[in-house]
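Chemist: upload_14.cif is reproduced in full below (mmCIF, C-alpha atoms and all ligand atoms).
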data_structure
#
loop_
_atom_site.label_atom_id
_atom_site.label_comp_id
_atom_site.auth_asym_id
_atom_site.auth_seq_id
_atom_site.Cartn_x
_atom_site.Cartn_y
_atom_site.Cartn_z
CA MET A 1 193.08 94.21 89.88
CA HIS A 2 190.25 93.99 87.42
CA PRO A 3 191.37 93.39 83.88
CA PHE A 4 189.99 96.01 81.52
CA THR A 5 189.00 93.20 79.18
CA ILE A 6 186.52 92.02 81.80
CA LYS A 7 185.56 95.39 83.24
CA TYR A 8 184.74 96.76 79.82
CA GLN A 9 183.58 93.67 78.05
CA PRO A 10 180.61 94.37 75.80
CA LYS A 11 177.21 93.88 77.47
CA THR A 12 175.10 94.34 74.35
CA THR A 13 175.65 93.53 70.70
CA ASN A 14 175.89 97.28 69.95
CA GLU A 15 179.08 97.37 71.94
CA ILE A 16 180.75 94.70 69.85
CA ILE A 17 182.69 96.70 67.31
CA GLY A 18 183.36 95.81 63.69
CA GLN A 19 181.55 92.48 63.53
CA ASP A 20 178.08 93.57 62.45
CA LEU A 21 177.56 90.91 59.82
CA ALA A 22 178.76 88.09 62.06
CA ILE A 23 176.56 89.27 64.92
CA LYS A 24 173.54 89.49 62.66
CA LYS A 25 174.07 85.97 61.35
CA LEU A 26 174.67 84.57 64.81
CA LYS A 27 171.62 86.19 66.33
CA ASP A 28 169.53 85.04 63.42
CA PHE A 29 170.73 81.49 63.85
CA VAL A 30 169.85 81.40 67.53
CA ILE A 31 166.47 83.10 67.20
CA ASN A 32 165.37 80.87 64.32
CA PHE A 33 167.05 77.76 65.63
CA LYS A 34 163.99 75.56 65.12
CA LYS A 35 163.98 76.35 61.40
CA GLN A 36 167.70 75.84 60.81
CA LYS A 37 169.09 73.05 58.68
CA LYS A 38 172.13 72.85 60.91
CA ASN A 39 172.25 72.62 64.68
CA ALA A 40 175.52 74.44 65.23
CA VAL A 41 177.48 77.46 64.15
CA LEU A 42 181.24 77.65 63.96
CA LEU A 43 182.59 81.11 64.79
CA TYR A 44 186.05 81.39 63.30
CA GLY A 45 188.67 84.12 63.30
CA PRO A 46 191.84 85.31 65.01
CA PRO A 47 192.08 85.76 68.78
CA GLY A 48 190.66 88.87 70.40
CA THR A 49 188.06 89.61 67.74
CA GLY A 50 184.98 88.98 69.87
CA LYS A 51 183.99 85.37 69.22
CA THR A 52 183.50 84.28 72.80
CA ILE A 53 182.03 87.52 74.03
CA SER A 54 179.48 87.51 71.18
CA ALA A 55 178.09 84.18 72.33
CA TYR A 56 177.65 85.56 75.85
CA VAL A 57 176.16 88.85 74.80
CA ILE A 58 173.65 87.23 72.48
CA ALA A 59 172.63 84.72 75.13
CA ASN A 60 172.12 87.63 77.49
CA GLU A 61 170.05 89.64 75.03
CA LEU A 62 167.86 86.66 74.22
CA ASP A 63 167.63 85.67 77.87
CA LEU A 64 169.18 82.27 77.35
CA GLU A 65 171.34 80.36 79.76
CA ILE A 66 174.80 79.44 78.48
CA LEU A 67 176.19 75.99 79.09
CA GLU A 68 179.86 76.40 78.44
CA MET A 69 181.87 73.31 77.75
CA ASN A 70 185.54 74.00 77.48
CA ALA A 71 186.79 71.98 74.56
CA SER A 72 189.84 70.91 76.48
CA ASP A 73 187.66 69.41 79.21
CA ILE A 74 186.04 67.14 76.72
CA ARG A 75 188.08 64.00 76.87
CA ASN A 76 185.56 61.47 75.71
CA ALA A 77 182.09 60.99 74.41
CA ASN A 78 180.79 59.80 77.76
CA GLN A 79 181.54 63.09 79.39
CA ILE A 80 179.72 65.02 76.71
CA ASN A 81 176.78 62.68 76.91
CA SER A 82 176.50 63.10 80.63
CA LEU A 83 176.81 66.87 80.34
CA LEU A 84 174.23 67.00 77.63
CA GLY A 85 172.04 64.49 79.40
CA SER A 86 171.99 66.53 82.56
CA ALA A 87 171.32 69.68 80.60
CA ILE A 88 168.29 68.14 78.98
CA SER A 89 167.03 66.67 82.19
CA GLN A 90 167.34 70.02 83.90
CA MET A 91 165.24 71.62 81.24
CA SER A 92 162.07 71.58 83.28
CA LEU A 93 163.80 73.11 86.29
CA PHE A 94 164.63 76.33 84.54
CA SER A 95 162.35 78.58 82.64
CA LYS A 96 165.22 79.88 80.55
CA GLY A 97 166.15 78.42 77.22
CA LYS A 98 169.68 77.23 76.69
CA LEU A 99 172.64 77.76 74.46
CA ILE A 100 175.64 75.45 74.34
CA LEU A 101 179.06 77.01 73.88
CA VAL A 102 182.13 74.94 73.11
CA ASP A 103 184.94 77.46 73.11
CA GLU A 104 188.32 77.12 71.38
CA ILE A 105 188.04 73.74 69.74
CA ASP A 106 191.33 74.10 67.83
CA GLY A 107 193.17 71.62 69.98
CA LEU A 108 190.63 68.83 69.82
CA SER A 109 191.79 65.65 68.28
CA GLY A 110 189.91 63.80 65.61
CA THR A 111 191.41 60.42 66.33
CA LYS A 112 189.51 57.68 68.05
CA ASP A 113 191.69 57.54 71.15
CA ARG A 114 190.71 60.99 72.33
CA GLY A 115 187.67 61.39 70.17
CA GLY A 116 186.83 64.96 71.17
CA LEU A 117 185.79 66.00 67.69
CA LEU A 118 183.76 62.90 67.13
CA ALA A 119 181.94 63.57 70.38
CA ILE A 120 181.13 67.11 69.34
CA THR A 121 179.84 65.90 66.00
CA LYS A 122 177.53 63.51 67.85
CA LEU A 123 176.49 66.26 70.20
CA ILE A 124 175.47 68.35 67.20
CA GLU A 125 173.35 65.53 65.85
CA LYS A 126 171.51 65.00 69.12
CA THR A 127 171.13 68.45 70.57
CA SER A 128 167.89 70.24 71.09
CA PHE A 129 169.68 73.53 71.88
CA PRO A 130 171.63 75.78 69.57
CA ILE A 131 175.36 75.07 69.71
CA ILE A 132 178.04 77.69 69.23
CA LEU A 133 181.57 76.52 68.55
CA THR A 134 184.57 78.83 68.36
CA ILE A 135 187.85 78.21 66.62
CA GLN A 136 190.85 80.21 65.44
CA ASN A 137 191.81 78.17 62.46
CA PRO A 138 189.14 75.97 60.89
CA TRP A 139 191.21 75.00 57.84
CA ASP A 140 192.88 71.89 59.24
CA TYR A 141 191.49 68.88 57.39
CA LYS A 142 190.54 67.25 60.67
CA PHE A 143 187.64 69.70 60.92
CA ASN A 144 186.16 68.79 57.53
CA LYS A 145 183.50 66.52 58.90
CA LEU A 146 182.55 68.96 61.61
CA LYS A 147 182.32 71.83 59.16
CA ARG A 148 179.72 69.98 57.11
CA LYS A 149 177.51 69.94 60.18
CA THR A 150 177.90 73.59 61.05
CA GLU A 151 177.15 76.95 59.60
CA MET A 152 180.36 78.91 59.42
CA ILE A 153 180.48 82.53 60.55
CA GLU A 154 183.59 84.57 60.10
CA PHE A 155 184.88 87.03 62.69
CA SER A 156 187.10 89.18 60.57
CA PRO A 157 190.48 90.41 61.78
CA LEU A 158 189.89 93.80 63.40
CA ASP A 159 191.35 96.79 61.61
CA TYR A 160 193.14 99.35 63.80
CA LEU A 161 190.28 101.83 63.61
CA PRO A 162 187.68 99.68 65.36
CA ILE A 163 190.34 98.80 67.94
CA PHE A 164 191.05 102.50 68.37
CA GLU A 165 187.34 103.04 68.95
CA ILE A 166 187.29 100.38 71.67
CA LEU A 167 190.35 101.88 73.37
CA LYS A 168 188.92 105.40 73.21
CA LYS A 169 185.79 104.35 75.07
CA ILE A 170 187.85 102.77 77.82
CA CYS A 171 190.06 105.85 78.13
CA ASP A 172 187.02 108.06 78.51
CA LYS A 173 185.51 105.89 81.21
CA GLU A 174 188.82 105.51 83.05
CA LYS A 175 189.59 109.23 82.63
CA ILE A 176 192.84 108.38 80.92
CA MET A 177 194.40 111.33 79.07
CA TYR A 178 195.71 110.52 75.62
CA GLU A 179 196.80 111.98 72.34
CA GLU A 180 194.79 110.65 69.47
CA ASN A 181 197.72 109.52 67.35
CA VAL A 182 199.33 107.79 70.32
CA LEU A 183 196.19 105.80 70.94
CA LYS A 184 196.01 104.97 67.25
CA GLY A 185 199.59 103.79 67.42
CA LEU A 186 198.68 101.52 70.27
CA ALA A 187 195.76 100.14 68.27
CA ARG A 188 198.03 99.46 65.29
CA ARG A 189 200.58 97.62 67.37
CA ALA A 190 198.02 95.10 68.53
CA GLY A 191 197.68 93.57 65.07
CA ASN A 192 193.95 92.81 64.81
CA ASP A 193 193.67 91.68 68.41
CA ALA A 194 191.38 93.83 70.56
CA ARG A 195 192.15 91.86 73.68
CA SER A 196 195.88 92.45 73.49
CA ALA A 197 195.34 96.15 72.66
CA ILE A 198 193.18 96.53 75.76
CA ASN A 199 195.77 94.73 77.87
CA ASP A 200 198.52 96.98 76.49
CA LEU A 201 196.47 100.02 77.42
CA GLN A 202 196.02 98.74 80.95
CA THR A 203 199.69 97.93 81.36
CA LEU A 204 200.77 101.36 80.13
CA THR A 205 198.42 103.28 82.39
CA ILE A 206 198.87 101.39 85.63
CA GLU A 207 201.03 104.08 87.16
CA ALA A 208 199.74 107.25 85.57
CA LYS A 209 196.41 107.82 83.93
CA GLU A 210 198.06 109.32 80.95
CA LEU A 211 199.12 107.90 77.65
CA THR A 212 201.91 109.88 76.05
CA LYS A 213 204.06 109.57 73.00
CA LYS A 214 206.83 108.57 75.32
CA SER A 215 204.92 105.66 76.80
CA LEU A 216 204.41 104.33 73.33
CA GLU A 217 208.09 104.79 72.52
CA ASP A 218 209.07 103.06 75.74
CA LEU A 219 206.81 100.25 74.72
CA GLY A 220 208.69 100.02 71.43
CA GLU A 221 212.03 99.97 73.14
CA ARG A 222 210.80 97.49 75.65
CA ASN A 223 209.87 95.29 72.73
CA LYS A 224 212.43 92.71 73.60
CA LEU A 225 211.36 92.59 77.20
CA GLU A 226 207.81 92.60 76.06
CA SER A 227 208.07 89.62 73.78
CA MET A 228 208.40 87.50 76.89
CA PRO A 229 205.05 88.44 78.50
CA THR A 230 203.41 87.88 75.14
CA ALA A 231 204.97 84.45 74.93
CA LEU A 232 203.83 83.65 78.46
CA THR A 233 200.30 84.74 77.61
CA LYS A 234 200.36 82.26 74.76
CA ILE A 235 201.32 79.45 77.12
CA PHE A 236 199.29 80.41 80.17
CA LYS A 237 196.07 81.54 78.53
CA THR A 238 195.47 78.62 76.22
CA THR A 239 194.86 74.94 76.74
CA ASP A 240 195.63 74.21 73.11
CA PRO A 241 199.09 72.66 72.78
CA LYS A 242 199.31 73.66 69.12
CA ILE A 243 198.99 77.33 69.95
CA ALA A 244 201.26 77.15 72.98
CA ILE A 245 204.09 75.39 71.23
CA THR A 246 204.76 78.40 69.02
CA ALA A 247 205.06 80.76 72.01
CA PHE A 248 208.81 81.21 71.97
CA ASP A 249 209.19 81.19 68.18
CA THR A 250 209.63 84.95 68.03
CA VAL A 251 211.45 85.38 71.33
CA ASN A 252 215.15 86.17 71.34
CA GLU A 253 215.93 85.29 74.92
CA ASP A 254 217.62 81.97 75.42
CA LEU A 255 216.26 78.89 77.08
CA ASN A 256 217.62 79.70 80.53
CA GLU A 257 215.81 82.98 80.51
CA GLN A 258 212.62 81.32 79.32
CA LEU A 259 212.78 78.86 82.21
CA LEU A 260 213.30 81.68 84.68
CA TRP A 261 210.39 83.73 83.36
CA ILE A 262 208.08 80.75 83.59
CA ASP A 263 209.31 79.89 87.05
CA GLU A 264 208.69 83.43 88.24
CA ASN A 265 205.21 83.87 86.80
CA LEU A 266 203.69 80.41 86.87
CA PRO A 267 202.54 80.51 90.51
CA LYS A 268 200.81 83.84 89.94
CA GLU A 269 198.89 82.46 86.99
CA TYR A 270 198.05 78.90 88.03
CA THR A 271 196.38 79.25 91.38
CA LYS A 272 194.87 75.78 91.65
CA PRO A 273 197.34 73.49 93.43
CA GLU A 274 196.76 70.55 91.06
CA ASP A 275 197.46 72.70 88.02
CA LEU A 276 200.51 74.19 89.62
CA ALA A 277 201.89 70.80 90.61
CA LYS A 278 201.46 69.43 87.11
CA ALA A 279 203.04 72.48 85.54
CA TYR A 280 206.00 72.47 87.91
CA ASP A 281 206.55 68.82 87.13
CA LYS A 282 207.01 69.78 83.48
CA LEU A 283 209.22 72.71 84.36
CA SER A 284 211.51 70.70 86.60
CA LYS A 285 211.83 67.99 83.97
CA ALA A 286 212.78 70.69 81.48
CA ASP A 287 215.38 71.98 83.90
CA VAL A 288 216.91 68.54 84.38
CA PHE A 289 216.96 67.86 80.63
CA ASN A 290 218.44 71.26 80.03
CA ARG A 291 221.37 70.53 82.30
CA ARG A 292 221.94 67.09 80.81
CA ILE A 293 221.78 68.38 77.27
CA ARG A 294 224.35 71.03 78.07
CA ARG A 295 226.59 68.54 79.78
CA TRP A 296 226.47 66.05 76.92
CA GLN A 297 226.02 68.68 74.21
CA HIS A 298 223.11 66.90 72.62
CA TRP A 299 221.68 70.12 71.29
CA ARG A 300 219.11 68.53 69.06
CA PHE A 301 217.19 67.48 72.18
CA LEU A 302 216.50 71.10 73.04
CA ILE A 303 213.37 70.90 70.98
CA TYR A 304 211.84 68.51 73.52
CA ILE A 305 212.42 71.03 76.25
CA ASN A 306 210.56 73.58 74.24
CA ALA A 307 207.60 71.22 73.96
CA LEU A 308 207.63 70.62 77.72
CA ILE A 309 207.65 74.26 78.73
CA THR A 310 205.15 75.44 76.15
CA ALA A 311 202.58 72.78 75.27
CA GLY A 312 203.33 70.82 78.44
CA ILE A 313 202.64 73.73 80.72
CA ALA A 314 199.64 74.89 78.70
CA VAL A 315 197.86 71.56 79.11
CA SER A 316 198.74 71.28 82.80
CA LYS A 317 195.75 73.41 83.71
CA GLU A 318 192.21 72.23 83.67
CA GLU A 319 190.95 75.43 82.14
CA ARG A 320 192.13 78.90 81.34
CA TYR A 321 192.36 81.33 84.29
CA LYS A 322 190.36 84.44 83.64
CA HIS A 323 192.35 86.78 85.91
CA PHE A 324 194.84 89.37 84.71
CA VAL A 325 198.44 88.92 85.74
CA GLN A 326 201.14 91.30 84.70
CA TYR A 327 204.03 88.99 83.89
CA LYS A 328 207.30 90.20 85.33
CA PRO A 329 210.94 89.39 84.77
CA THR A 330 212.39 87.30 87.50
CA GLY A 331 213.94 88.96 90.52
CA ARG A 332 214.54 86.23 93.06
CA LEU A 333 216.54 83.82 90.98
CA LEU A 334 218.51 86.18 88.85
CA LYS A 335 221.52 86.38 91.13
CA LEU A 336 221.69 82.64 91.45
CA TRP A 337 221.37 82.35 87.74
CA TRP A 338 224.19 84.79 87.05
CA ALA A 339 226.40 82.86 89.42
CA LYS A 340 225.58 79.71 87.54
CA GLN A 341 226.21 81.43 84.22
CA LYS A 342 229.66 82.46 85.40
CA SER A 343 230.65 78.96 86.38
CA MET A 344 229.26 77.78 83.07
CA LYS A 345 231.46 80.26 81.26
CA LYS A 346 234.47 78.90 83.05
CA LYS A 347 233.47 75.40 82.07
CA ALA A 348 232.88 76.37 78.47
CA ILE A 349 236.33 77.86 78.19
CA ALA A 350 237.89 74.83 79.83
CA GLN A 351 236.03 72.62 77.42
CA LYS A 352 237.40 74.41 74.37
CA LEU A 353 240.86 74.30 75.82
CA ALA A 354 240.59 70.63 76.70
CA GLU A 355 239.68 69.80 73.14
CA LYS A 356 242.72 71.59 71.76
CA THR A 357 245.10 70.10 74.29
CA HIS A 358 243.56 66.64 74.25
CA SER A 359 243.14 66.59 77.97
CA SER A 360 240.13 66.20 80.25
CA ILE A 361 237.97 69.13 81.31
CA LYS A 362 238.65 68.29 84.92
CA GLU A 363 242.39 68.51 84.49
CA THR A 364 242.12 71.68 82.47
CA LEU A 365 239.98 73.33 85.10
CA LYS A 366 242.38 72.41 87.86
CA ASP A 367 245.80 72.85 86.26
CA THR A 368 245.79 74.67 82.95
CA LEU A 369 243.12 77.31 83.35
CA PRO A 370 244.49 79.22 86.38
CA TYR A 371 247.93 79.48 84.78
CA LEU A 372 246.48 80.43 81.45
CA GLN A 373 244.27 83.07 82.99
CA ALA A 374 247.26 84.79 84.60
CA THR A 375 249.09 85.03 81.28
CA PHE A 376 245.90 86.03 79.50
CA LYS A 377 245.56 89.05 81.77
CA LYS A 378 249.13 90.24 81.36
CA ASN A 379 250.11 89.43 77.80
CA LYS A 380 248.20 91.14 75.01
CA ASP A 381 249.75 89.11 72.24
CA PHE A 382 248.92 85.83 73.93
CA ARG A 383 245.41 87.10 74.60
CA GLU A 384 244.74 87.84 70.96
CA LYS A 385 246.14 84.56 69.74
CA LEU A 386 244.23 82.48 72.23
CA THR A 387 241.02 84.35 71.58
CA GLU A 388 241.29 83.48 67.95
CA GLU A 389 242.50 79.95 68.49
CA LEU A 390 239.69 79.03 70.87
CA ASP A 391 237.14 81.26 69.19
CA LEU A 392 236.31 82.86 72.53
CA SER A 393 233.22 84.98 72.88
CA ARG A 394 233.33 88.51 74.25
CA GLU A 395 231.90 87.32 77.55
CA GLU A 396 234.48 84.59 77.76
CA VAL A 397 237.30 87.04 77.14
CA MET A 398 235.88 89.29 79.81
CA TRP A 399 235.63 86.42 82.22
CA LEU A 400 239.27 85.49 81.64
CA ARG A 401 240.43 89.06 82.12
CA LYS A 402 238.62 89.82 85.35
N1 LIG A 501 184.79 93.29 68.36
C1 LIG A 501 185.01 93.67 69.64
N2 LIG A 501 184.40 94.78 70.13
C2 LIG A 501 184.64 95.17 71.41
N3 LIG A 501 185.45 94.54 72.26
C3 LIG A 501 186.08 93.44 71.82
C4 LIG A 501 185.88 92.94 70.49
N4 LIG A 501 186.63 91.84 70.33
C5 LIG A 501 187.24 91.64 71.49
N5 LIG A 501 186.92 92.60 72.40
C6 LIG A 501 187.46 92.71 73.75
O1 LIG A 501 188.40 91.67 73.94
C7 LIG A 501 187.97 90.75 74.93
C8 LIG A 501 188.19 89.35 74.43
O2 LIG A 501 187.31 89.05 73.38
P1 LIG A 501 186.89 87.55 73.05
O3 LIG A 501 185.47 87.54 72.65
O4 LIG A 501 187.24 86.69 74.21
O5 LIG A 501 187.81 87.24 71.81
P2 LIG A 501 188.00 85.86 71.04
O6 LIG A 501 187.05 84.86 71.66
O7 LIG A 501 187.68 86.17 69.62
O8 LIG A 501 189.45 85.50 71.24
C9 LIG A 501 186.52 91.06 75.17
O9 LIG A 501 186.15 90.85 76.51
C10 LIG A 501 186.41 92.53 74.82
O10 LIG A 501 186.79 93.31 75.94
MG MG A 502 187.56 83.20 72.78
#
Will you turn the file into structure tokens for me?

Modeler:
Amino acid sequence: MHPFTIKYQPKTTNEIIGQDLAIKKLKDFVINFKKQKKNAVLLYGPPGTGKTISAYVIANELDLEILEMNASDIRNANQINSLLGSAISQMSLFSKGKLILVDEIDGLSGTKDRGGLLAITKLIEKTSFPIILTIQNPWDYKFNKLKRKTEMIEFSPLDYLPIFEILKKICDKEKIMYEENVLKGLARRAGNDARSAINDLQTLTIEAKELTKKSLEDLGERNKLESMPTALTKIFKTTDPKIAITAFDTVNEDLNEQLLWIDENLPKEYTKPEDLAKAYDKLSKADVFNRRIRRWQHWRFLIYINALITAGIAVSKEERYKHFVQYKPTGRLLKLWWAKQKSMKKKAIAQKLAEKTHSSIKETLKDTLPYLQATFKKNKDFREKLTEELDLSREEVMWLRK
């Protein structure tokens, strides 16, 4: 399936909505590159506001060839030098002029060991082509030096009206029926991000080419379910560990569910075997840690698992996949998982009981629990007392009563 974000990506600067000033500055910079004081521009602003697409569209309009260097690929100065060197040496082979794009530099490190930022700074000093850098958040002090060498151009957060305009055009071309206020609602939900608004539109109209009030309501109710795909997008579609690590911050589902969602959707997203192998290595480590932490109750280590399954998986790919995957809840493993959950419930109860009775979990599981369960089922008074005494959860009570 073609993602709408690709199918309807702007081909000319006119089609880039709500960024007129930025586009003008950028075009100006490229056209008058020889007269500029600085060799690079830094396009900054939130995701889905048109930074990357602007570089491509302007290159296209000015008939320039884009050399894209993914910031995450840049591991050391040598690599940049060889890339740049080959670009310069190829100059005579092509009649087209060139434009260098280094996209999403947020994750680059300024320290000597990795040296990505230093390398870019050098690249800016040496280049004979205009350089466009993009970044979400340029305010980290590590970018100070770089900022002095670039002209900064802001891509402002998109208001809902320009997003609405973008969505409307797509609906017309796709012959999607919509009510105006529903489409506006969809635009509002996206919070400044045209890309996610377009993806929402595609998701909601996969089955029927109609956008109703109900579909928007369903979307609201599905919010909980939906927070997971959003979190996965954050992990899968970035190579920047700093962005990825926040993915689950606003997600309510617990760690087990997070692991299952990743397990289910990872192979659809990472199609290169090397990427997939690296990512699964992280995931299986997380799974092992998860079980150990639960067994030993070292809860404070959970934070390392989060790092593994967010940042760890994000950096397991060489570069971002451009295809559109609709992330789905897991089907295959759910039964297995529920079975595991049940046995975990049993263990959790036994554990509480063992603490109170000063006996081992093993003994409790074998001797005490079956007897206790029988009484628990029959005797209401006992049930209430024990529930309070052991501070049993609703699920645990239900498990004991079944
Ligand atoms: N200002 C805009 N006008 C029209 N479409 C946009 C705009 N911003 C983003 N889009 C849509 O979202 C997609 C992603 O935009 P992109 O340039 O990659 O965003 P960024 O690099 O700022 O994260 C584009 O392909 C386009 O379909
Ligand atoms: Mg971008």

Chemist: Within 10 Å of ligand MG 502 (chain A), which residues of chain A show up? Give each one with its shortest atom-to-atom distance in Å (one decimal) and the two atoms involved, counting all atoms listed in the file, rows by chain then rising residue number, as a Markdown table.

Modeler:
| residue | atom | partner | partner_atom | distance |
| --- | --- | --- | --- | --- |
| A:Leu43 | CA | A:MG502 | MG | 9.6 |
| A:Tyr44 | CA | A:MG502 | MG | 9.8 |
| A:Gly45 | CA | A:MG502 | MG | 9.6 |
| A:Pro46 | CA | A:MG502 | MG | 9.1 |
| A:Pro47 | CA | A:MG502 | MG | 6.6 |
| A:Gly48 | CA | A:MG502 | MG | 6.9 |
| A:Thr49 | CA | A:MG502 | MG | 8.2 |
| A:Gly50 | CA | A:MG502 | MG | 7.0 |
| A:Lys51 | CA | A:MG502 | MG | 5.5 |
| A:Thr52 | CA | A:MG502 | MG | 4.2 |
| A:Ile53 | CA | A:MG502 | MG | 7.1 |
| A:Ser54 | CA | A:MG502 | MG | 9.3 |
| A:Ala55 | CA | A:MG502 | MG | 9.5 |
| A:Val102 | CA | A:MG502 | MG | 9.9 |
| A:Asp103 | CA | A:MG502 | MG | 6.3 |
| A:Glu104 | CA | A:MG502 | MG | 6.3 |
| A:Ile105 | CA | A:MG502 | MG | 9.9 |
| A:Leu133 | CA | A:MG502 | MG | 9.9 |
| A:Thr134 | CA | A:MG502 | MG | 6.9 |
| A:Ile135 | CA | A:MG502 | MG | 7.9 |
| A:Gln136 | CA | A:MG502 | MG | 8.6 |
| A:Arg195 | CA | A:MG502 | MG | 9.8 |
| A:Thr238 | CA | A:MG502 | MG | 9.8 |

Chemist: Name the residues in contact with Leu302 (chain A) at a cut-off of 9 Å, using all atoms listed in the file, excluding same-chain residues fewer than 5 positions from it; report them as a PDB file with C-alpha atoms, in the frame of the given file.

Modeler:
ATOM      1  CA  LEU A 255     216.260  78.890  77.080  1.00  0.00           C
ATOM      2  CA  PHE A 289     216.960  67.860  80.630  1.00  0.00           C
ATOM      3  CA  ASN A 290     218.440  71.260  80.030  1.00  0.00           C
ATOM      4  CA  ILE A 293     221.780  68.380  77.270  1.00  0.00           C
ATOM      5  CA  ALA A 307     207.600  71.220  73.960  1.00  0.00           C
TER       6      ALA A 307
END

Chemist: Calculate how many Å separate CA of Glu68 (chain A) from CA of Thr246 (chain A), rounding to one decimal.

Modeler: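 Going from CA of Glu68 (chain A) over to CA of Thr246 (chain A), I get 26.7 Å.
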
Chemist: Which residues, written as JSON, numbers by chain, have at least one atom at most 6 Å from region 357-373 of chain A, with all atoms listed in the file counted and residues fewer than 4 positions away on the same chain left out?

Modeler: {"A": [350, 351, 400]}

Chemist: Go ahead and compute the interatomic distance for CA of Asn137 (chain A) and CA of Val41 (chain A), in Å to one decimal.

Modeler: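 About the pair CA of Asn137 (chain A) and CA of Val41 (chain A): they are 14.4 Å apart.
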
Chemist: Choose the residue, out of A:Phe301, A:Phe324, A:Trp261, A:Tyr160, that has the smallest atom-to-atom separation from Leu283 (chain A); count only C-alpha atoms.

Modeler: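 Ranking A:Phe301, A:Phe324, A:Trp261, A:Tyr160 by distance to Leu283 (chain A), first place goes to A:Trp261.
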
Chemist: For Ile131 (chain A), please output as an NGL selection string all residues within 7 Å (counting only C-alpha atoms; exclusion window: fewer than 2 positions along the same chain).

Modeler: :A and (39-41 or 99-101 or 129 or 133)

Chemist: Between CA of Asp200 (chain A) and CA of Pro329 (chain A), what distance in Å does the model show, to one decimal?

Modeler: 16.7 Å

Chemist: Pick from A:Leu211, A:Cys171, A:Leu161, A:Ile166: nearest to ligand LIG 501 (chain A), with all atoms listed in the file counted?

Modeler: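 Result for the nearest residue to ligand LIG 501 (chain A): A:Ile166.
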
Chemist: A:Ile170, A:Lys268, A:Asp287, A:Ala314: which is nearest Phe236 (chain A), counting all atoms listed in the file?

Modeler: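 Using all atoms listed in the file, the shortest distance to Phe236 (chain A) belongs to A:Ala314.
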